[in-house]
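Structure file my_file12.cif (mmCIF, N, CA and C atoms) follows.
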```cif
data_run
loop_
_atom_site.label_atom_id
_atom_site.label_comp_id
_atom_site.auth_asym_id
_atom_site.auth_seq_id
_atom_site.Cartn_x
_atom_site.Cartn_y
_atom_site.Cartn_z
N MET A 322 21.64 -18.63 -10.34
CA MET A 322 21.14 -17.28 -10.43
C MET A 322 21.88 -16.40 -9.42
N PRO A 323 22.25 -15.19 -9.80
CA PRO A 323 22.98 -14.32 -8.85
C PRO A 323 22.12 -14.01 -7.63
N ARG A 324 22.79 -13.81 -6.50
CA ARG A 324 22.12 -13.57 -5.22
C ARG A 324 21.27 -12.30 -5.26
N HIS A 325 21.69 -11.24 -5.97
CA HIS A 325 20.96 -9.98 -5.97
C HIS A 325 19.57 -10.12 -6.61
N VAL A 326 19.39 -11.11 -7.49
CA VAL A 326 18.07 -11.32 -8.09
C VAL A 326 17.11 -11.80 -7.01
N PHE A 327 17.55 -12.74 -6.17
CA PHE A 327 16.70 -13.22 -5.09
C PHE A 327 16.40 -12.10 -4.10
N THR A 328 17.38 -11.26 -3.83
CA THR A 328 17.19 -10.15 -2.91
C THR A 328 16.14 -9.18 -3.45
N VAL A 329 16.24 -8.85 -4.72
CA VAL A 329 15.26 -7.94 -5.32
C VAL A 329 13.88 -8.56 -5.27
N LEU A 330 13.75 -9.83 -5.64
CA LEU A 330 12.45 -10.48 -5.59
C LEU A 330 11.92 -10.58 -4.17
N GLY A 331 12.80 -10.86 -3.22
CA GLY A 331 12.38 -10.92 -1.81
C GLY A 331 11.86 -9.59 -1.32
N VAL A 332 12.54 -8.51 -1.66
CA VAL A 332 12.11 -7.17 -1.26
C VAL A 332 10.77 -6.84 -1.91
N LEU A 333 10.61 -7.22 -3.17
CA LEU A 333 9.35 -6.98 -3.87
C LEU A 333 8.22 -7.75 -3.20
N ALA A 334 8.45 -9.00 -2.85
CA ALA A 334 7.42 -9.81 -2.19
C ALA A 334 7.06 -9.21 -0.83
N ILE A 335 8.04 -8.76 -0.08
CA ILE A 335 7.78 -8.13 1.22
C ILE A 335 7.00 -6.84 1.02
N PHE A 336 7.39 -6.05 0.04
CA PHE A 336 6.70 -4.79 -0.24
C PHE A 336 5.23 -5.04 -0.59
N LEU A 337 5.00 -6.01 -1.48
CA LEU A 337 3.62 -6.28 -1.91
C LEU A 337 2.79 -6.87 -0.79
N SER A 338 3.34 -7.76 0.01
CA SER A 338 2.56 -8.37 1.07
C SER A 338 2.31 -7.40 2.22
N GLY A 339 3.17 -6.42 2.42
CA GLY A 339 3.02 -5.47 3.51
C GLY A 339 2.19 -4.26 3.15
N SER A 340 1.79 -4.13 1.90
CA SER A 340 1.05 -2.97 1.46
C SER A 340 -0.42 -3.08 1.81
N SER A 341 -0.95 -2.11 2.55
CA SER A 341 -2.36 -2.13 2.88
C SER A 341 -3.20 -1.85 1.64
N ARG A 342 -2.64 -1.23 0.62
CA ARG A 342 -3.36 -0.94 -0.61
C ARG A 342 -3.60 -2.20 -1.44
N ALA A 343 -2.87 -3.29 -1.15
CA ALA A 343 -3.04 -4.52 -1.91
C ALA A 343 -4.31 -5.26 -1.51
N GLU A 344 -4.88 -4.94 -0.36
CA GLU A 344 -6.07 -5.65 0.09
C GLU A 344 -7.32 -5.13 -0.62
N VAL A 345 -8.30 -6.01 -0.70
CA VAL A 345 -9.59 -5.66 -1.28
C VAL A 345 -10.54 -5.38 -0.13
N LEU A 346 -11.07 -4.17 -0.10
CA LEU A 346 -11.97 -3.75 0.98
C LEU A 346 -13.42 -3.97 0.60
N ASP A 347 -14.27 -4.24 1.59
CA ASP A 347 -15.69 -4.17 1.33
C ASP A 347 -16.14 -2.75 1.70
N VAL A 348 -17.39 -2.43 1.43
CA VAL A 348 -17.87 -1.07 1.67
C VAL A 348 -17.81 -0.72 3.16
N ALA A 349 -18.20 -1.65 4.02
CA ALA A 349 -18.19 -1.38 5.47
C ALA A 349 -16.78 -1.05 5.96
N ALA A 350 -15.78 -1.81 5.48
CA ALA A 350 -14.40 -1.54 5.90
C ALA A 350 -13.93 -0.19 5.38
N PHE A 351 -14.31 0.15 4.16
CA PHE A 351 -13.93 1.45 3.59
C PHE A 351 -14.54 2.58 4.41
N LEU A 352 -15.83 2.46 4.74
CA LEU A 352 -16.51 3.51 5.49
C LEU A 352 -15.99 3.62 6.93
N ALA A 353 -15.61 2.48 7.53
CA ALA A 353 -15.11 2.49 8.90
C ALA A 353 -13.75 3.17 9.00
N HIS A 354 -12.93 2.98 7.97
CA HIS A 354 -11.57 3.55 7.97
C HIS A 354 -11.26 4.06 6.58
N PRO A 355 -11.81 5.22 6.19
CA PRO A 355 -11.54 5.74 4.85
C PRO A 355 -10.04 5.91 4.62
N PRO A 356 -9.55 5.38 3.51
CA PRO A 356 -8.11 5.48 3.24
C PRO A 356 -7.72 6.88 2.80
N ASP A 357 -6.42 7.13 2.82
CA ASP A 357 -5.90 8.38 2.29
C ASP A 357 -6.13 8.40 0.78
N PRO A 358 -6.09 9.58 0.17
CA PRO A 358 -6.21 9.63 -1.29
C PRO A 358 -5.17 8.74 -1.97
N GLY A 359 -5.59 8.08 -3.03
CA GLY A 359 -4.73 7.16 -3.76
C GLY A 359 -5.52 5.93 -4.15
N PRO A 360 -4.94 5.06 -4.95
CA PRO A 360 -5.67 3.88 -5.44
C PRO A 360 -6.16 2.97 -4.31
N VAL A 361 -7.35 2.42 -4.49
CA VAL A 361 -7.95 1.48 -3.54
C VAL A 361 -8.81 0.50 -4.33
N THR A 362 -8.94 -0.72 -3.82
CA THR A 362 -9.78 -1.73 -4.46
C THR A 362 -10.92 -2.09 -3.51
N ILE A 363 -12.14 -2.06 -4.05
CA ILE A 363 -13.34 -2.33 -3.26
C ILE A 363 -14.14 -3.40 -3.97
N ALA A 364 -14.58 -4.43 -3.24
CA ALA A 364 -15.48 -5.45 -3.78
C ALA A 364 -16.87 -5.12 -3.24
N ALA A 365 -17.83 -4.90 -4.16
CA ALA A 365 -19.16 -4.49 -3.74
C ALA A 365 -20.18 -4.77 -4.82
N TYR A 366 -21.44 -4.75 -4.41
CA TYR A 366 -22.54 -4.86 -5.36
C TYR A 366 -22.86 -3.48 -5.92
N ALA A 367 -23.14 -3.42 -7.21
CA ALA A 367 -23.68 -2.19 -7.80
C ALA A 367 -25.18 -2.24 -7.50
N THR A 368 -25.66 -1.32 -6.68
CA THR A 368 -27.08 -1.35 -6.33
C THR A 368 -27.90 -0.43 -7.22
N SER A 369 -27.30 0.63 -7.73
CA SER A 369 -27.97 1.47 -8.72
C SER A 369 -26.92 2.25 -9.50
N ILE A 370 -27.31 2.65 -10.70
CA ILE A 370 -26.43 3.41 -11.58
C ILE A 370 -27.16 4.69 -11.92
N TYR A 371 -26.50 5.83 -11.73
CA TYR A 371 -27.13 7.12 -11.98
C TYR A 371 -26.35 7.89 -13.04
N ALA A 372 -27.06 8.33 -14.06
CA ALA A 372 -26.48 9.18 -15.09
C ALA A 372 -27.21 10.52 -15.05
N CYS A 373 -26.47 11.60 -15.01
CA CYS A 373 -27.08 12.93 -14.99
C CYS A 373 -27.94 13.13 -16.24
N PRO A 374 -29.10 13.75 -16.09
CA PRO A 374 -29.92 14.01 -17.27
C PRO A 374 -29.23 15.02 -18.17
N PRO A 375 -29.47 14.94 -19.47
CA PRO A 375 -28.83 15.89 -20.39
C PRO A 375 -29.39 17.30 -20.16
N CYS A 376 -28.55 18.27 -20.42
CA CYS A 376 -28.96 19.67 -20.32
C CYS A 376 -28.87 20.28 -21.71
N PRO A 377 -30.01 20.66 -22.28
CA PRO A 377 -29.98 21.23 -23.63
C PRO A 377 -29.10 22.48 -23.70
N GLU A 378 -28.46 22.66 -24.84
CA GLU A 378 -27.59 23.81 -25.03
C GLU A 378 -28.38 25.10 -24.81
N GLY A 379 -27.81 25.99 -24.03
CA GLY A 379 -28.42 27.29 -23.75
C GLY A 379 -29.39 27.27 -22.58
N ALA A 380 -29.74 26.08 -22.08
CA ALA A 380 -30.68 25.99 -20.96
C ALA A 380 -29.93 26.16 -19.64
N GLN A 381 -30.65 26.58 -18.61
CA GLN A 381 -30.09 26.67 -17.27
C GLN A 381 -30.65 25.50 -16.48
N CYS A 382 -29.83 24.47 -16.34
CA CYS A 382 -30.26 23.25 -15.66
C CYS A 382 -29.73 23.22 -14.23
N LYS A 383 -30.41 22.44 -13.39
CA LYS A 383 -29.95 22.27 -12.02
C LYS A 383 -28.60 21.55 -12.03
N PRO A 384 -27.72 21.88 -11.11
CA PRO A 384 -26.45 21.15 -11.03
C PRO A 384 -26.72 19.67 -10.74
N CYS A 385 -25.87 18.83 -11.27
CA CYS A 385 -25.98 17.38 -11.06
C CYS A 385 -24.77 16.92 -10.26
N ILE A 386 -24.99 16.02 -9.32
CA ILE A 386 -23.89 15.52 -8.49
C ILE A 386 -22.84 14.80 -9.33
N GLY A 387 -23.25 14.21 -10.45
CA GLY A 387 -22.32 13.51 -11.34
C GLY A 387 -22.74 12.07 -11.56
N ASP A 388 -22.37 11.52 -12.70
CA ASP A 388 -22.67 10.12 -12.99
C ASP A 388 -21.95 9.25 -11.96
N HIS A 389 -22.66 8.27 -11.40
CA HIS A 389 -22.05 7.44 -10.37
C HIS A 389 -22.73 6.09 -10.26
N ILE A 390 -22.06 5.20 -9.57
CA ILE A 390 -22.56 3.88 -9.23
C ILE A 390 -22.71 3.87 -7.72
N LEU A 391 -23.89 3.51 -7.25
CA LEU A 391 -24.10 3.37 -5.81
C LEU A 391 -23.78 1.92 -5.48
N THR A 392 -22.88 1.71 -4.54
CA THR A 392 -22.44 0.37 -4.19
C THR A 392 -22.75 0.05 -2.74
N SER A 393 -22.82 -1.25 -2.45
CA SER A 393 -23.14 -1.72 -1.10
C SER A 393 -22.57 -3.12 -0.92
N ASP A 394 -22.54 -3.57 0.33
CA ASP A 394 -22.08 -4.93 0.61
C ASP A 394 -23.16 -5.97 0.35
N SER A 395 -24.39 -5.54 0.08
CA SER A 395 -25.48 -6.48 -0.25
C SER A 395 -26.16 -5.99 -1.52
N PRO A 396 -26.82 -6.90 -2.25
CA PRO A 396 -27.39 -6.53 -3.54
C PRO A 396 -28.69 -5.73 -3.46
N GLY A 397 -29.32 -5.65 -2.32
CA GLY A 397 -30.61 -4.97 -2.20
C GLY A 397 -30.47 -3.46 -2.14
N PRO A 398 -31.61 -2.78 -1.96
CA PRO A 398 -31.59 -1.31 -1.87
C PRO A 398 -30.74 -0.82 -0.69
N VAL A 399 -30.09 0.30 -0.87
CA VAL A 399 -29.21 0.87 0.15
C VAL A 399 -30.00 1.83 1.03
N VAL A 400 -29.97 1.59 2.31
CA VAL A 400 -30.59 2.51 3.27
C VAL A 400 -29.48 3.31 3.94
N THR A 401 -28.49 2.63 4.49
CA THR A 401 -27.29 3.27 5.04
C THR A 401 -26.10 2.40 4.65
N GLY A 402 -24.93 2.97 4.72
CA GLY A 402 -23.71 2.21 4.47
C GLY A 402 -23.40 2.00 3.00
N GLY A 403 -23.88 2.88 2.14
CA GLY A 403 -23.57 2.79 0.71
C GLY A 403 -22.39 3.67 0.36
N LEU A 404 -21.85 3.44 -0.81
CA LEU A 404 -20.68 4.18 -1.28
C LEU A 404 -20.90 4.58 -2.73
N MET A 405 -20.79 5.87 -3.03
CA MET A 405 -20.91 6.34 -4.40
C MET A 405 -19.53 6.38 -5.04
N ILE A 406 -19.43 5.75 -6.22
CA ILE A 406 -18.19 5.77 -6.99
C ILE A 406 -18.51 6.50 -8.29
N PHE A 407 -17.88 7.63 -8.49
CA PHE A 407 -18.16 8.46 -9.67
C PHE A 407 -17.44 7.89 -10.89
N CYS A 408 -18.07 8.04 -12.04
CA CYS A 408 -17.50 7.52 -13.28
C CYS A 408 -18.01 8.32 -14.47
N GLU A 409 -17.41 8.07 -15.62
CA GLU A 409 -17.88 8.71 -16.85
C GLU A 409 -19.17 8.02 -17.29
N ARG A 410 -20.01 8.74 -17.99
CA ARG A 410 -21.29 8.18 -18.45
C ARG A 410 -21.09 6.89 -19.24
N ALA A 411 -20.10 6.85 -20.10
CA ALA A 411 -19.85 5.66 -20.91
C ALA A 411 -19.55 4.45 -20.03
N LYS A 412 -18.84 4.66 -18.93
CA LYS A 412 -18.51 3.57 -18.02
C LYS A 412 -19.74 3.11 -17.24
N SER A 413 -20.61 4.05 -16.86
CA SER A 413 -21.76 3.68 -16.03
C SER A 413 -22.69 2.70 -16.74
N SER A 414 -22.72 2.73 -18.07
CA SER A 414 -23.58 1.82 -18.81
C SER A 414 -23.07 0.37 -18.79
N GLU A 415 -21.86 0.14 -18.32
CA GLU A 415 -21.28 -1.20 -18.27
C GLU A 415 -21.73 -1.99 -17.04
N PHE A 416 -22.43 -1.35 -16.12
CA PHE A 416 -22.79 -1.99 -14.85
C PHE A 416 -24.25 -2.38 -14.80
N THR A 417 -24.53 -3.45 -14.07
CA THR A 417 -25.88 -3.95 -13.88
C THR A 417 -26.15 -4.02 -12.38
N PRO A 418 -27.27 -3.43 -11.92
CA PRO A 418 -27.61 -3.52 -10.50
C PRO A 418 -27.71 -4.98 -10.04
N SER A 419 -27.36 -5.21 -8.78
CA SER A 419 -27.40 -6.51 -8.09
C SER A 419 -26.27 -7.45 -8.50
N ARG A 420 -25.32 -6.98 -9.27
CA ARG A 420 -24.14 -7.79 -9.58
C ARG A 420 -22.96 -7.27 -8.76
N ARG A 421 -22.06 -8.18 -8.44
CA ARG A 421 -20.91 -7.82 -7.60
C ARG A 421 -19.70 -7.57 -8.49
N TYR A 422 -18.99 -6.49 -8.18
CA TYR A 422 -17.84 -6.07 -8.96
C TYR A 422 -16.63 -5.82 -8.06
N ARG A 423 -15.48 -5.85 -8.68
CA ARG A 423 -14.24 -5.38 -8.05
C ARG A 423 -13.99 -4.01 -8.67
N PHE A 424 -14.03 -2.97 -7.84
CA PHE A 424 -13.83 -1.60 -8.30
C PHE A 424 -12.43 -1.14 -7.92
N ASP A 425 -11.65 -0.75 -8.90
CA ASP A 425 -10.37 -0.07 -8.65
C ASP A 425 -10.70 1.41 -8.72
N ALA A 426 -10.56 2.08 -7.61
CA ALA A 426 -11.01 3.46 -7.52
C ALA A 426 -9.93 4.35 -6.92
N ASP A 427 -10.18 5.63 -7.00
CA ASP A 427 -9.25 6.64 -6.52
C ASP A 427 -10.00 7.59 -5.60
N PRO A 428 -9.93 7.39 -4.27
CA PRO A 428 -10.57 8.34 -3.36
C PRO A 428 -9.71 9.60 -3.27
N ARG A 429 -10.16 10.65 -3.92
CA ARG A 429 -9.38 11.90 -3.96
C ARG A 429 -9.52 12.69 -2.69
N THR A 430 -10.74 12.91 -2.27
CA THR A 430 -11.01 13.58 -1.00
C THR A 430 -12.15 12.82 -0.37
N VAL A 431 -11.95 12.28 0.80
CA VAL A 431 -13.00 11.51 1.44
C VAL A 431 -13.71 12.40 2.45
N ARG A 432 -15.01 12.54 2.25
CA ARG A 432 -15.84 13.32 3.18
C ARG A 432 -16.94 12.41 3.67
N GLN A 433 -17.06 12.28 4.96
CA GLN A 433 -18.10 11.43 5.52
C GLN A 433 -19.44 12.14 5.38
N LYS A 434 -20.38 11.51 4.69
CA LYS A 434 -21.73 12.02 4.54
C LYS A 434 -22.65 10.84 4.70
N ASP A 435 -23.37 10.79 5.79
CA ASP A 435 -24.24 9.65 6.01
C ASP A 435 -25.37 9.67 5.00
N PRO A 436 -25.59 8.63 4.22
CA PRO A 436 -24.92 7.33 4.31
C PRO A 436 -23.82 7.13 3.27
N PHE A 437 -23.37 8.18 2.60
CA PHE A 437 -22.44 8.00 1.49
C PHE A 437 -21.12 8.74 1.71
N VAL A 438 -20.13 8.43 0.87
CA VAL A 438 -18.85 9.12 0.86
C VAL A 438 -18.63 9.65 -0.54
N GLY A 439 -18.09 10.87 -0.66
CA GLY A 439 -17.94 11.47 -1.98
C GLY A 439 -16.51 11.51 -2.48
N ASP A 440 -16.38 11.90 -3.74
CA ASP A 440 -15.09 12.11 -4.40
C ASP A 440 -14.27 10.83 -4.57
N ILE A 441 -14.93 9.73 -4.90
CA ILE A 441 -14.25 8.48 -5.20
C ILE A 441 -14.48 8.23 -6.67
N HIS A 442 -13.42 8.13 -7.43
CA HIS A 442 -13.53 8.04 -8.88
C HIS A 442 -13.07 6.68 -9.39
N LEU A 443 -13.86 6.11 -10.30
CA LEU A 443 -13.59 4.80 -10.86
C LEU A 443 -12.39 4.85 -11.80
N ARG A 444 -11.48 3.88 -11.64
CA ARG A 444 -10.37 3.70 -12.56
C ARG A 444 -10.62 2.51 -13.46
N ALA A 445 -11.11 1.40 -12.88
CA ALA A 445 -11.40 0.19 -13.63
C ALA A 445 -12.34 -0.67 -12.79
N ALA A 446 -12.97 -1.65 -13.42
CA ALA A 446 -13.86 -2.55 -12.70
C ALA A 446 -13.88 -3.90 -13.38
N GLN A 447 -14.22 -4.92 -12.58
CA GLN A 447 -14.29 -6.28 -13.09
C GLN A 447 -15.49 -6.95 -12.44
N LEU A 448 -16.32 -7.62 -13.24
CA LEU A 448 -17.47 -8.36 -12.73
C LEU A 448 -16.99 -9.55 -11.93
N LEU A 449 -17.53 -9.72 -10.70
CA LEU A 449 -17.15 -10.85 -9.85
C LEU A 449 -18.20 -11.95 -9.84
N THR A 450 -19.47 -11.61 -10.04
CA THR A 450 -20.52 -12.61 -10.01
C THR A 450 -21.46 -12.45 -11.19
N GLN A 451 -22.01 -13.55 -11.64
CA GLN A 451 -23.02 -13.56 -12.68
C GLN A 451 -24.38 -13.80 -12.01
N PRO A 452 -25.48 -13.43 -12.69
CA PRO A 452 -26.80 -13.68 -12.09
C PRO A 452 -27.11 -15.15 -11.98
#
```
As a first step, turn the structure in this file into structure tokens.
Amino acid sequence: MPRHVFTVLGVLAIFLSGSSRAEVLDVAAFLAHPPDPGPVTIAAYATSIYACPPCPEGAQCKPCIGDHILTSDSPGPVVTGGLMIFCERAKSSEFTPSRRYRFDADPRTVRQKDPFVGDIHLRAAQLLTQP
């Protein structure tokens, strides 16, 4: 095999192993050091799923924060240290509380709000544990 193939593969391996974005964060690590905007992977329990109530056409409804999954490092109710990951309504129905998922998300603007962080949008998710 030509030497340049090994060089390219070696550089790729170094790039991938040195990337902080390649690591999977838990909620506590994310909250302790919120990353810059861009893709991030978080392993967490879905503790609750919220879908905004429908607003009938022509009605003046209260603003809704948005459909989201409340996540935590433990499966129980969140008191502090939770993370809201926003998603489309169709996606929110795919999650079950108390199950652990790998969330590929996009923190667009991170604002510290005790106990939650906003503007994190779901890109994809994978179930990590079964009941």
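Minimum distance to Val348 in chain A across A:Leu404, A:Ile370, A:Ile386, A:Val399 (counting only C-alpha atoms) occurs at A:Leu404.
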Check: When you draw a straight line from atom N of Thr401 in chain A to CA of Ser369 in chain A, how long is it in Å?
Finding: 13.3 Å
Checklist line | Answer key for the PyMOL selection byres ((chain A and resi 408) around 8), residues as a VMD selection string | finding: chain A and resid 387 to 390 405 to 407 409 to 413 441 to 444
Convert the current residue selection to file output with N, CA and C atoms, as a PDB file, in the frame of the given file.
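The result, written out as again.pdb:
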```pdb
ATOM      1  N   GLY A 387     -23.250  14.210 -10.450  1.00  0.00           N
ATOM      2  CA  GLY A 387     -22.320  13.510 -11.340  1.00  0.00           C
ATOM      3  C   GLY A 387     -22.740  12.070 -11.560  1.00  0.00           C
ATOM      4  N   ASP A 388     -22.370  11.520 -12.700  1.00  0.00           N
ATOM      5  CA  ASP A 388     -22.670  10.120 -12.990  1.00  0.00           C
ATOM      6  C   ASP A 388     -21.950   9.250 -11.960  1.00  0.00           C
ATOM      7  N   HIS A 389     -22.660   8.270 -11.400  1.00  0.00           N
ATOM      8  CA  HIS A 389     -22.050   7.440 -10.370  1.00  0.00           C
ATOM      9  C   HIS A 389     -22.730   6.090 -10.260  1.00  0.00           C
ATOM     10  N   ILE A 390     -22.060   5.200  -9.570  1.00  0.00           N
ATOM     11  CA  ILE A 390     -22.560   3.880  -9.230  1.00  0.00           C
ATOM     12  C   ILE A 390     -22.710   3.870  -7.720  1.00  0.00           C
ATOM     13  N   MET A 405     -20.790   5.870  -3.030  1.00  0.00           N
ATOM     14  CA  MET A 405     -20.910   6.340  -4.400  1.00  0.00           C
ATOM     15  C   MET A 405     -19.530   6.380  -5.040  1.00  0.00           C
ATOM     16  N   ILE A 406     -19.430   5.750  -6.220  1.00  0.00           N
ATOM     17  CA  ILE A 406     -18.190   5.770  -6.990  1.00  0.00           C
ATOM     18  C   ILE A 406     -18.510   6.500  -8.290  1.00  0.00           C
ATOM     19  N   PHE A 407     -17.880   7.630  -8.490  1.00  0.00           N
ATOM     20  CA  PHE A 407     -18.160   8.460  -9.670  1.00  0.00           C
ATOM     21  C   PHE A 407     -17.440   7.890 -10.890  1.00  0.00           C
ATOM     22  N   GLU A 409     -17.410   8.070 -15.620  1.00  0.00           N
ATOM     23  CA  GLU A 409     -17.880   8.710 -16.850  1.00  0.00           C
ATOM     24  C   GLU A 409     -19.170   8.020 -17.290  1.00  0.00           C
ATOM     25  N   ARG A 410     -20.010   8.740 -17.990  1.00  0.00           N
ATOM     26  CA  ARG A 410     -21.290   8.180 -18.450  1.00  0.00           C
ATOM     27  C   ARG A 410     -21.090   6.890 -19.240  1.00  0.00           C
ATOM     28  N   ALA A 411     -20.100   6.850 -20.100  1.00  0.00           N
ATOM     29  CA  ALA A 411     -19.850   5.660 -20.910  1.00  0.00           C
ATOM     30  C   ALA A 411     -19.550   4.450 -20.030  1.00  0.00           C
ATOM     31  N   LYS A 412     -18.840   4.660 -18.930  1.00  0.00           N
ATOM     32  CA  LYS A 412     -18.510   3.570 -18.020  1.00  0.00           C
ATOM     33  C   LYS A 412     -19.740   3.110 -17.240  1.00  0.00           C
ATOM     34  N   SER A 413     -20.610   4.050 -16.860  1.00  0.00           N
ATOM     35  CA  SER A 413     -21.760   3.680 -16.030  1.00  0.00           C
ATOM     36  C   SER A 413     -22.690   2.700 -16.740  1.00  0.00           C
ATOM     37  N   ILE A 441     -14.930   9.730  -4.900  1.00  0.00           N
ATOM     38  CA  ILE A 441     -14.250   8.480  -5.200  1.00  0.00           C
ATOM     39  C   ILE A 441     -14.480   8.230  -6.670  1.00  0.00           C
ATOM     40  N   HIS A 442     -13.420   8.130  -7.430  1.00  0.00           N
ATOM     41  CA  HIS A 442     -13.530   8.040  -8.880  1.00  0.00           C
ATOM     42  C   HIS A 442     -13.070   6.680  -9.390  1.00  0.00           C
ATOM     43  N   LEU A 443     -13.860   6.110 -10.300  1.00  0.00           N
ATOM     44  CA  LEU A 443     -13.590   4.800 -10.860  1.00  0.00           C
ATOM     45  C   LEU A 443     -12.390   4.850 -11.800  1.00  0.00           C
ATOM     46  N   ARG A 444     -11.480   3.880 -11.640  1.00  0.00           N
ATOM     47  CA  ARG A 444     -10.370   3.700 -12.560  1.00  0.00           C
ATOM     48  C   ARG A 444     -10.620   2.510 -13.460  1.00  0.00           C
TER      49      ARG A 444
END
```
Item checked: Among listed residues A:Phe416, A:Leu448, A:Ser395, A:Glu344, nearest Val361 in chain A (using only C-alpha atoms) -> A:Glu344
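For the structure shown here, the set of residues caught by the PyMOL selection byres ((chain A and resi 428) around 6) is Asp357, Pro358, Gly359, Pro360, Val361, Ala426, Asp427, Arg429, Thr430, Val431, Asp440, Ile441 and His442 of chain A.
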Note to self: So the first atom is CA of Leu352 in chain A and the second is atom C of Gly403 in chain A; what is the distance between them in Å, to one decimal place?
What the structure shows: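 These atoms are spaced 7.8 Å apart.
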Check: Out of A:Thr392, A:Thr368, A:Gln447, A:Gln381, which residue has the shortest atom-to-atom distance to Pro418 in chain A when counting only N, CA and C atoms?
Finding: A:Thr368
Listed atoms of range 410-414 of chain A, axis-aligned box, 5 Å per side: centre and edge lengths to one decimal in Å, as lines of an AutoDock Vina configuration file?
```
center_x = -21.0
center_y = 4.6
center_z = -18.5
size_x = 15.1
size_y = 18.4
size_z = 14.9
```
Checklist line | Long-range neighbours of Leu346 in chain A as a PyMOL selection string, 6.5 Å cut-off, only N, CA and C atoms, 2 positions minimum in chain | finding: chain A and resi 344+348-351+362-364
Item checked: Pick from A:Ala380, A:Ala367, A:Ala353, A:Cys373 nearest to Thr450 in chain A, counting only C-alpha atoms -> A:Ala367
